[in-house]
Amino acid sequence: MNSIIVRYGEMGTKSRQTRKWFERILVNNISEALVSEGIEYKEVFSKHGRVIVRLNEVEKAKEVLPRVFGIVSISPAMEVEASLDKINKTALKLFRKKKRELGIEKPKFRVTARRITKEFPLNSIELQAKVGEFILESEDGEVDLTNYDIEVGIELMEGKAYIYTEKIYGWGGLPIGTQGKMVGILDSIEAGVAIFLMMKRGVEVIPVYVEGQGDEDLVRTLWRNLKKYSYGAKVRFTVVKNFESINDIIRHFGAKGVIRGIRKEVIDREIEEIIRRDAELFIVPVYYPVIAIPDEIFEKVRNAIYP
C-alpha cells in the first residue's frame, strides 16, 4: 500500500467556501497527527470530496487517522495509473492478499467502483464487471453483492486509481479548530466524555483541573488519553487553585464557553443548583453535553478514553 483514502461526512454538507476551509483544517490536523506520532508521509491533499495521504508507513497511519475528528472512514489503498490493465492486476493482487488473511478457499466477493472524475472510458458498472471477471479468471471465488467476504473498492480520480479491500471507520464529526475554543473542566470520567464529545464537534478544548476537585491522577490519565484524539489543538493541560481562576483562562484564550460533565443520575434539584451556580460563576455560557445522552454512547466514549 502506498496511500490512504480519507472520507469525511458532515463537512460535505457545508457551502463550497466553508467546505474548503474545513478541508484545509482537516488536512492540517492529519499532517499534525502523522508528525506527532513519528510517521513519515510524502503528501496530504484534498480534492473532489476526498483527502489522499501518500506515504509508505500505511500500517502505522491506519491506527492513528481514525482518531482524527472529521474523518468518517479510511481505506489503505494502492495508487496506480488509471488503466484497465493496472487496475486489474492491482485488484487481483489485493484480492489474493485479503483471501490469504481470511483463510477462505472460495470467498464471496464484490467489486465497487466510483468515478470521482469522469475521464476513464468505462463507467462504474462496466469497470466493476471487467475487474470481477478478471479476478474470477485467476482465482476461485463467487460474486455476491450482498453477503460478501471481500469487497474490492476502486476510486478513480484525475488519471489515478485507488484500489483497496479495507474500510476502517473513524468518529466522524468536525475537525478540531473549526468551532473555536472552550474551557473543559476535567474532574471525572463524565467530564472526560463531555470534553471528547465537544472535541468531536470541532471545539478546541482547553483542559483545566481545579485543585482538590476529583482524583488528580485519574484526571491526568484521562487527559493523556484525550490527547490521542486532540490533533489540531494547541493548548496544554492547566491546573488552577479555584474555579474563579477559570475566568482568567477564558479571557486569555478568548474561549466561547465552559464544558462540564454532569450525568442524568444527578437529581433534578441538584442539576438546577449546579446550573444556577455555574451561570453566576463563569463569564461565558456553560455546556453539559453528557447530561442526557444515551448510555450506549456514553459507554462507547468512556471505553475509548478510559478502557
# chains A, B, ... in the order shown; residues from 1 in each chain; ligands from 1
$ select_by_dssp --residues "segment 156-257 of chain A" --states "alpha helix (DSSP H)" --output "number ranges by chain"
A: 189-200, 216-227, 246-253
$ residues_around --residues "Gln213 of chain A" --least-positions-apart "5" --cutoff "12 Å" --atoms "only C-alpha atoms" --output "PyMOL selection string"
chain A and resi 185-188+191+208+218-219+239-243
$ residues_around --residues "Ala194 of chain A" --least-positions-apart "6" --cutoff "6 Å" --atoms "only C-alpha atoms" --output "compact mmCIF listing (two decimals) with C-alpha atoms, in the first residue's frame"
# COMPACT_ATOMS: atom_id res chain seq x y z
CA GLY A 261 -19.53 16.68 32.87
CA PRO A 289 -23.05 17.59 26.71
CA VAL A 290 -23.44 14.33 28.69
$ closest_residue --among "A:Tyr148, A:Phe120, A:Tyr287, A:Phe22" --to "Ser46 of chain A" --atoms "only C-alpha atoms"
A:Phe22
$ residues_around --residues "segment 77-87 of chain A" --least-positions-apart "2" --cutoff "12 Å" --atoms "only C-alpha atoms" --output "number ranges by chain"
A: 1-6, 52-59, 62, 74-75, 89-95, 111, 113, 115, 117-123, 126-132, 134-135, 152-168
$ residues_around --residues "Ile25 of chain A" --least-positions-apart "2" --cutoff "9 Å" --atoms "only C-alpha atoms" --output "compact mmCIF listing (two decimals) with all heavy atoms, in the first residue's frame"
# COMPACT_ATOMS: atom_id res chain seq x y z
N LYS A 20 -14.26 24.14 1.85
CA LYS A 20 -12.83 24.28 1.55
C LYS A 20 -12.04 24.65 2.79
O LYS A 20 -10.93 24.15 3.00
CB LYS A 20 -12.64 25.34 0.45
CG LYS A 20 -13.11 24.92 -0.92
CD LYS A 20 -12.24 23.79 -1.48
CE LYS A 20 -12.64 23.43 -2.88
NZ LYS A 20 -11.89 22.26 -3.40
N TRP A 21 -12.61 25.53 3.61
CA TRP A 21 -11.95 25.92 4.86
C TRP A 21 -11.83 24.73 5.80
O TRP A 21 -10.77 24.48 6.38
CB TRP A 21 -12.74 27.06 5.51
CG TRP A 21 -12.19 27.51 6.83
CD1 TRP A 21 -10.96 28.04 7.08
CD2 TRP A 21 -12.87 27.45 8.09
NE1 TRP A 21 -10.82 28.32 8.42
CE2 TRP A 21 -11.97 27.99 9.06
CE3 TRP A 21 -14.13 27.03 8.49
CZ2 TRP A 21 -12.32 28.09 10.40
CZ3 TRP A 21 -14.47 27.14 9.84
CH2 TRP A 21 -13.57 27.66 10.77
N PHE A 22 -12.92 23.96 5.94
CA PHE A 22 -12.89 22.77 6.78
C PHE A 22 -11.87 21.76 6.26
O PHE A 22 -11.16 21.12 7.05
CB PHE A 22 -14.28 22.13 6.81
CG PHE A 22 -15.22 22.74 7.82
CD1 PHE A 22 -15.19 24.09 8.11
CD2 PHE A 22 -16.17 21.97 8.46
CE1 PHE A 22 -16.05 24.66 9.02
CE2 PHE A 22 -17.04 22.52 9.38
CZ PHE A 22 -16.99 23.88 9.66
N GLU A 23 -11.81 21.59 4.94
CA GLU A 23 -10.85 20.65 4.35
C GLU A 23 -9.42 21.04 4.68
O GLU A 23 -8.59 20.19 4.99
CB GLU A 23 -11.04 20.59 2.84
CG GLU A 23 -12.26 19.78 2.40
CD GLU A 23 -12.46 19.84 0.90
OE1 GLU A 23 -11.79 20.67 0.23
OE2 GLU A 23 -13.27 19.06 0.37
N VAL A 27 -6.85 18.66 6.67
CA VAL A 27 -5.55 18.30 6.12
C VAL A 27 -4.44 18.65 7.12
O VAL A 27 -3.52 17.86 7.36
CB VAL A 27 -5.32 18.99 4.77
CG1 VAL A 27 -3.84 18.90 4.35
CG2 VAL A 27 -6.19 18.36 3.69
N ASN A 28 -4.53 19.84 7.73
CA ASN A 28 -3.53 20.23 8.73
C ASN A 28 -3.55 19.30 9.93
O ASN A 28 -2.49 18.92 10.46
CB ASN A 28 -3.79 21.67 9.18
CG ASN A 28 -3.43 22.69 8.12
OD1 ASN A 28 -2.62 22.41 7.23
ND2 ASN A 28 -4.03 23.86 8.19
N ASN A 29 -4.75 18.93 10.38
CA ASN A 29 -4.84 18.04 11.55
C ASN A 29 -4.31 16.64 11.24
O ASN A 29 -3.69 16.00 12.10
CB ASN A 29 -6.30 17.96 12.02
CG ASN A 29 -6.79 19.27 12.63
OD1 ASN A 29 -6.03 20.22 12.75
ND2 ASN A 29 -8.06 19.32 12.97
N ILE A 30 -4.56 16.16 10.03
CA ILE A 30 -4.00 14.86 9.61
C ILE A 30 -2.47 14.93 9.60
O ILE A 30 -1.79 14.03 10.11
CB ILE A 30 -4.54 14.46 8.23
CG1 ILE A 30 -6.02 14.07 8.33
CG2 ILE A 30 -3.73 13.31 7.63
CD1 ILE A 30 -6.70 13.88 6.99
N PRO A 175 -13.54 18.71 12.19
CA PRO A 175 -12.13 18.84 12.59
C PRO A 175 -11.96 19.82 13.75
O PRO A 175 -12.60 20.88 13.77
CB PRO A 175 -11.45 19.38 11.32
CG PRO A 175 -12.39 19.07 10.20
CD PRO A 175 -13.76 19.12 10.79
N ILE A 176 -11.11 19.45 14.69
CA ILE A 176 -10.81 20.37 15.79
C ILE A 176 -10.22 21.66 15.24
O ILE A 176 -9.34 21.65 14.38
CB ILE A 176 -9.82 19.71 16.78
CG1 ILE A 176 -10.54 18.61 17.57
CG2 ILE A 176 -9.22 20.75 17.74
CD1 ILE A 176 -9.64 17.86 18.54
N GLY A 177 -10.74 22.78 15.74
CA GLY A 177 -10.29 24.09 15.28
C GLY A 177 -11.30 24.80 14.40
O GLY A 177 -11.10 25.96 14.04
N THR A 178 -12.39 24.11 14.07
CA THR A 178 -13.41 24.74 13.22
C THR A 178 -14.51 25.43 14.03
O THR A 178 -15.30 26.18 13.46
CB THR A 178 -14.08 23.70 12.29
OG1 THR A 178 -14.68 22.67 13.08
CG2 THR A 178 -13.06 23.10 11.34
N GLY A 232 -4.75 18.88 16.30
CA GLY A 232 -5.26 20.17 15.86
C GLY A 232 -5.35 21.16 16.99
O GLY A 232 -5.40 22.37 16.76
